[in-house]
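Chemist: One structure follows; several queries about it will come next.
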Amino acid sequence: MREISCKLLVIGAGPGGYVCAIRAGQLGLDTVIVDAGKPGGTCLNVGCIPSKALIHAAEEYEKVLHYAADAGPLGISLREPAIDLARTVAWKDNIVGRLNTGVAGLLRKAKVKTVEGRARFRDGKTVEVETETGRQVIRAEAVVIATGSAPVELPALPFGGPIISSTGALALAELPQNLIVVGAGYIGLELGMAFARMGSRLTVVEALPRILPQYDAELTRPVVKRLEALGAELLLGAKARGLSSTGDKLLVETADGRELQLAADRILVAVGRRPVIEGWGLDEIDLDRDGAFIRIDDHCRTSMRGVYAIGDVTGEPMLAHRAMAQGEMVAEIIAGRKRSWDKRVIPAICFTDPEIVTAGLSPEAARAAGREVTVGQFPFTANGRAMTRQGEDGFVRIVARTDNHLVLGIQAVGQGVSELAACFGLAIEMGACLEDVAATIHAHPTQGEAFQEAALKALGHALHI
């Protein structure tokens with residue numbers, strides 16, 4: 001049995017873990033990172049990056065289909081389009097592989113030692129790792145737990161055969177003719193809409209009475225409209241009960257009590273994610289929990305001295321960029337710098353068609369918190385760049401305090417609005433007021449002008465509506 005010692009041990013090489021390790025290495029800390037999989041974790045390998053590649057391919061294919069059916073206003077026409085999903089997946093895998101190589105190279109550049117295998121705690125400072133060459137013991141002065149999350153599996157619909165998780169959906173070699181998505185959250189709808197755009201017949205089964213329940217109805221309305229245009233069937237207030245006796249149909253109880261049997265080639269279960277807690281020997285160190293998650297303070301410290309936790313394993317919002325920010329902060333804390341978690345906002349993006357971006361408080365949330373707010377909203381129907389992209393279905397909305405005009409929240413729905421997330425987050429993080437946004441010169445013609453116009457609208461003098 002081999003033993004090594006280090007200043008910092010990072011368990012998990014996902015976005016939070018590898019960023020933490022890279023920053024620690026840059027700061028001169030003797031750092032070891034352990035993961036049984038490829039660097040990048042769920043996000044890079046079977047989540048954020050490959051799903052966006054698939055969504056982009058679906059978007060491009062849909063354009064080709066449109067021009068094959070009708071030259072349209074742009075005058076472009078094509079003939080007999082087709083999609084080879086196996087080649088699409090190979091292209092996606094190539095992107096993932098290049099990024100895997102890039103992360104591994106950045107870890108080496110920062111002089112981080114990588115150990116491939118699954119770690120298990122002996123105590124708060126020691127882990128054992130089962131590697132291909134045998135068992136390795138690692139002793140560290142500080143440990144960061146960054147083990148991430150995994151798809152939730154329904155007891156009545158265990159993964160296997162026609163029932164797939166988001167990971168399985170991203171590895172399909174053939175386009176399913178009939179796809180059922182159980183769960184109308186962002187993961188289910190992102191992937192479901194991508195397959196619908198490539199030609200699958202989509203049915204969405206959601207137990208709640210509306211899609212994307214984490215967003216307000218005004219933001220989700222354009223997504224519902226788009227789902228209808230794609231021919232998707234929405235079964236809201238419905239419950240998936242399991243497979244039929246023949247194993248090729250999903251049993252569904254509808255909101256009005258009817259029982260349906262829905263035929264499907266694939267059933268994508270996307271009802272949420274759970275923290276990866278089991279199998280790491282965490283019972284040996286008995287960390288305090290916050291429900292299913294590891295409890296942390298504003299320095300990402302757990303209840304045990306010298307043990308930190310970051311990312312999905314610590315709770316919502318389960319977003320890669322939150323994990324990255326926590327990882328960078330923790331590395332600096334361990335290196336002796338003064339840092340704490342003092343974020344005003346963590347933007348969230350739903351990559352449906354159209355996309356949704358939220359940063360900060362919605363009007364309802366602000367009012368529920370006792371704020372008197374002013375709201376400005378600007379439609380993309382009045383934005384020249386959105387019109388030239390044929391993506392004018394949507395808007396930008398800004399929420400500010402009525403008394404001093406401090407911006408509390410910004411939301412948008414529309415094609416390409418994910419790229420506005422950075423300026424939304426920056427405005428709130430820097431404490432911008434409506435006047436700051438309105439007075440900032442926004443480049444023309446861009447969709448970002450709708451942000452400025454929303455602020456002008458809130459101030460009572462929008463220029464283009």
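Numbering starts fresh at 1 for the residues of each chain in the structure tokens, the chains themselves are lettered A, B, ... in the order given, and ligands are numbered from 1 as they appear.
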Which residues are close to Gly281 (chain A), i.e. within 12 Å by only C-alpha atoms, leaving aside same-chain residues fewer than 3 positions away? Reply as number ranges by chain.

Modeler: A: 118-124, 126-129, 145, 276-278, 284-287

Chemist: May I have the selected residues written with N, CA and C atoms, as a PDB file, in the first residue's frame?

Modeler:
```pdb
ATOM      1  N   ARG A 118     -11.426   5.733  -6.945  1.00  0.00           N
ATOM      2  CA  ARG A 118     -12.493   6.170  -6.058  1.00  0.00           C
ATOM      3  C   ARG A 118     -11.952   6.297  -4.648  1.00  0.00           C
ATOM      4  N   ALA A 119     -12.131   7.479  -4.057  1.00  0.00           N
ATOM      5  CA  ALA A 119     -11.619   7.742  -2.716  1.00  0.00           C
ATOM      6  C   ALA A 119     -12.636   7.308  -1.657  1.00  0.00           C
ATOM      7  N   ARG A 120     -12.123   6.878  -0.516  1.00  0.00           N
ATOM      8  CA  ARG A 120     -12.969   6.540   0.626  1.00  0.00           C
ATOM      9  C   ARG A 120     -12.287   7.019   1.899  1.00  0.00           C
ATOM     10  N   PHE A 121     -13.035   7.764   2.710  1.00  0.00           N
ATOM     11  CA  PHE A 121     -12.464   8.346   3.917  1.00  0.00           C
ATOM     12  C   PHE A 121     -12.125   7.270   4.953  1.00  0.00           C
ATOM     13  N   ARG A 122     -10.950   7.412   5.536  1.00  0.00           N
ATOM     14  CA  ARG A 122     -10.607   6.682   6.764  1.00  0.00           C
ATOM     15  C   ARG A 122     -10.946   7.560   7.959  1.00  0.00           C
ATOM     16  N   ASP A 123     -10.558   8.834   7.827  1.00  0.00           N
ATOM     17  CA  ASP A 123     -10.873   9.858   8.820  1.00  0.00           C
ATOM     18  C   ASP A 123     -10.856  11.192   8.098  1.00  0.00           C
ATOM     19  N   GLY A 124     -10.966  12.301   8.842  1.00  0.00           N
ATOM     20  CA  GLY A 124     -11.073  13.607   8.217  1.00  0.00           C
ATOM     21  C   GLY A 124      -9.842  14.079   7.479  1.00  0.00           C
ATOM     22  N   THR A 126      -7.541  11.568   6.008  1.00  0.00           N
ATOM     23  CA  THR A 126      -6.968  10.431   5.287  1.00  0.00           C
ATOM     24  C   THR A 126      -8.016   9.739   4.436  1.00  0.00           C
ATOM     25  N   VAL A 127      -7.637   9.432   3.193  1.00  0.00           N
ATOM     26  CA  VAL A 127      -8.507   8.639   2.330  1.00  0.00           C
ATOM     27  C   VAL A 127      -7.716   7.488   1.723  1.00  0.00           C
ATOM     28  N   GLU A 128      -8.432   6.450   1.356  1.00  0.00           N
ATOM     29  CA  GLU A 128      -7.867   5.358   0.569  1.00  0.00           C
ATOM     30  C   GLU A 128      -8.445   5.436  -0.837  1.00  0.00           C
ATOM     31  N   VAL A 129      -7.602   5.194  -1.809  1.00  0.00           N
ATOM     32  CA  VAL A 129      -8.045   5.236  -3.201  1.00  0.00           C
ATOM     33  C   VAL A 129      -7.715   3.911  -3.868  1.00  0.00           C
ATOM     34  N   ILE A 145     -14.401  18.330  -0.491  1.00  0.00           N
ATOM     35  CA  ILE A 145     -15.324  17.350  -1.059  1.00  0.00           C
ATOM     36  C   ILE A 145     -16.089  18.011  -2.195  1.00  0.00           C
ATOM     37  N   VAL A 276     -24.184  13.290  -4.532  1.00  0.00           N
ATOM     38  CA  VAL A 276     -23.467  12.018  -4.450  1.00  0.00           C
ATOM     39  C   VAL A 276     -22.774  11.957  -3.090  1.00  0.00           C
ATOM     40  N   ILE A 277     -23.444  11.321  -2.164  1.00  0.00           N
ATOM     41  CA  ILE A 277     -22.973  11.239  -0.777  1.00  0.00           C
ATOM     42  C   ILE A 277     -22.469   9.847  -0.437  1.00  0.00           C
ATOM     43  N   GLU A 278     -23.185   8.830  -0.910  1.00  0.00           N
ATOM     44  CA  GLU A 278     -22.882   7.452  -0.535  1.00  0.00           C
ATOM     45  C   GLU A 278     -21.631   6.945  -1.249  1.00  0.00           C
ATOM     46  N   GLU A 284     -17.728   7.824   8.145  1.00  0.00           N
ATOM     47  CA  GLU A 284     -16.557   7.756   9.031  1.00  0.00           C
ATOM     48  C   GLU A 284     -16.224   9.113   9.647  1.00  0.00           C
ATOM     49  N   ILE A 285     -16.679  10.197   9.037  1.00  0.00           N
ATOM     50  CA  ILE A 285     -16.343  11.518   9.576  1.00  0.00           C
ATOM     51  C   ILE A 285     -17.579  12.281  10.063  1.00  0.00           C
ATOM     52  N   ASP A 286     -18.780  11.752   9.803  1.00  0.00           N
ATOM     53  CA  ASP A 286     -20.013  12.240  10.423  1.00  0.00           C
ATOM     54  C   ASP A 286     -20.181  13.756  10.290  1.00  0.00           C
ATOM     55  N   LEU A 287     -20.250  14.229   9.033  1.00  0.00           N
ATOM     56  CA  LEU A 287     -20.444  15.659   8.800  1.00  0.00           C
ATOM     57  C   LEU A 287     -21.901  16.035   9.014  1.00  0.00           C
TER      58      LEU A 287
END
```

Chemist: For region 77-91 of chain A, work out the shell of residues within 8 Å, counting only C-alpha atoms and skipping chain neighbours fewer than 3 positions away, then give it as a VMD selection string.

Modeler: chain A and resid 54 57 61 64 to 65 67 to 72 94 to 95 170 to 175 198

Chemist: Given only C-alpha atoms as the basis, pick out the residue of A:Pro275, A:Pro162, A:Gly315, A:Pro347 nearest to Val181 (chain A).

Modeler: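 Of A:Pro275, A:Pro162, A:Gly315, A:Pro347, the one nearest Val181 (chain A) is A:Pro162, counting only C-alpha atoms.
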
Chemist: Pick out each residue of region 232-366 of chain A that DSSP on the backbone tags as alpha helix (DSSP H); I need them as a tab-separated table (two decimals) with N, CA and C atoms, in the first residue's frame.

Modeler:
```
chain	number	residue	atom	x	y	z
A	320	ALA	N	-22.90	24.63	-12.29
A	320	ALA	CA	-21.46	24.48	-12.43
A	320	ALA	C	-20.72	25.75	-12.06
A	321	HIS	N	-21.26	26.92	-12.46
A	321	HIS	CA	-20.54	28.16	-12.19
A	321	HIS	C	-20.54	28.51	-10.70
A	322	ARG	N	-21.56	28.08	-9.96
A	322	ARG	CA	-21.51	28.23	-8.49
A	322	ARG	C	-20.38	27.39	-7.92
A	323	ALA	N	-20.27	26.13	-8.38
A	323	ALA	CA	-19.21	25.25	-7.89
A	323	ALA	C	-17.83	25.81	-8.21
A	324	MET	N	-17.67	26.37	-9.41
A	324	MET	CA	-16.38	26.95	-9.79
A	324	MET	C	-16.01	28.11	-8.88
A	325	ALA	N	-16.99	28.99	-8.63
A	325	ALA	CA	-16.71	30.14	-7.76
A	325	ALA	C	-16.37	29.70	-6.35
A	326	GLN	N	-17.07	28.68	-5.84
A	326	GLN	CA	-16.75	28.16	-4.51
A	326	GLN	C	-15.36	27.53	-4.49
A	327	GLY	N	-15.03	26.77	-5.54
A	327	GLY	CA	-13.73	26.11	-5.58
A	327	GLY	C	-12.58	27.09	-5.58
A	328	GLU	N	-12.71	28.14	-6.39
A	328	GLU	CA	-11.65	29.16	-6.43
A	328	GLU	C	-11.50	29.85	-5.08
A	329	MET	N	-12.64	30.14	-4.43
A	329	MET	CA	-12.62	30.80	-3.13
A	329	MET	C	-11.95	29.92	-2.07
A	330	VAL	N	-12.33	28.65	-2.02
A	330	VAL	CA	-11.78	27.75	-1.00
A	330	VAL	C	-10.28	27.59	-1.16
A	331	ALA	N	-9.79	27.49	-2.40
A	331	ALA	CA	-8.34	27.39	-2.61
A	331	ALA	C	-7.62	28.59	-2.01
A	332	GLU	N	-8.20	29.77	-2.21
A	332	GLU	CA	-7.56	30.96	-1.67
A	332	GLU	C	-7.64	31.01	-0.14
A	333	ILE	N	-8.73	30.54	0.43
A	333	ILE	CA	-8.84	30.48	1.89
A	333	ILE	C	-7.78	29.56	2.47
A	334	ILE	N	-7.62	28.37	1.87
A	334	ILE	CA	-6.63	27.41	2.35
A	334	ILE	C	-5.22	27.97	2.20
A	363	PRO	N	-40.17	39.78	-9.97
A	363	PRO	CA	-41.08	40.74	-9.34
A	363	PRO	C	-41.84	40.13	-8.16
A	364	GLU	N	-42.33	38.89	-8.33
A	364	GLU	CA	-43.08	38.24	-7.26
A	364	GLU	C	-42.22	38.00	-6.03
A	365	ALA	N	-40.98	37.52	-6.24
A	365	ALA	CA	-40.09	37.25	-5.11
A	365	ALA	C	-39.71	38.53	-4.38
A	366	ALA	N	-39.50	39.60	-5.13
A	366	ALA	CA	-39.15	40.88	-4.50
A	366	ALA	C	-40.30	41.40	-3.66
```

Chemist: Set the distance at 9 Å and use only C-alpha atoms: which residues neighbour Ala156 (chain A) once local chain neighbours fewer than 3 positions away are removed? I'd like the list as a ChimeraX atom specification.

Modeler: /A:153,240-243

Chemist: Those residues with C-alpha atoms, as a tab-separated table (two decimals), in the first residue's frame please?

Modeler:
```tsv
chain	number	residue	atom	x	y	z
A	153	GLU	CA	-34.06	7.49	-10.26
A	240	ALA	CA	-45.87	8.33	-14.39
A	241	ARG	CA	-46.78	5.02	-12.73
A	242	GLY	CA	-44.35	2.62	-14.40
A	243	LEU	CA	-44.12	0.42	-17.48
```
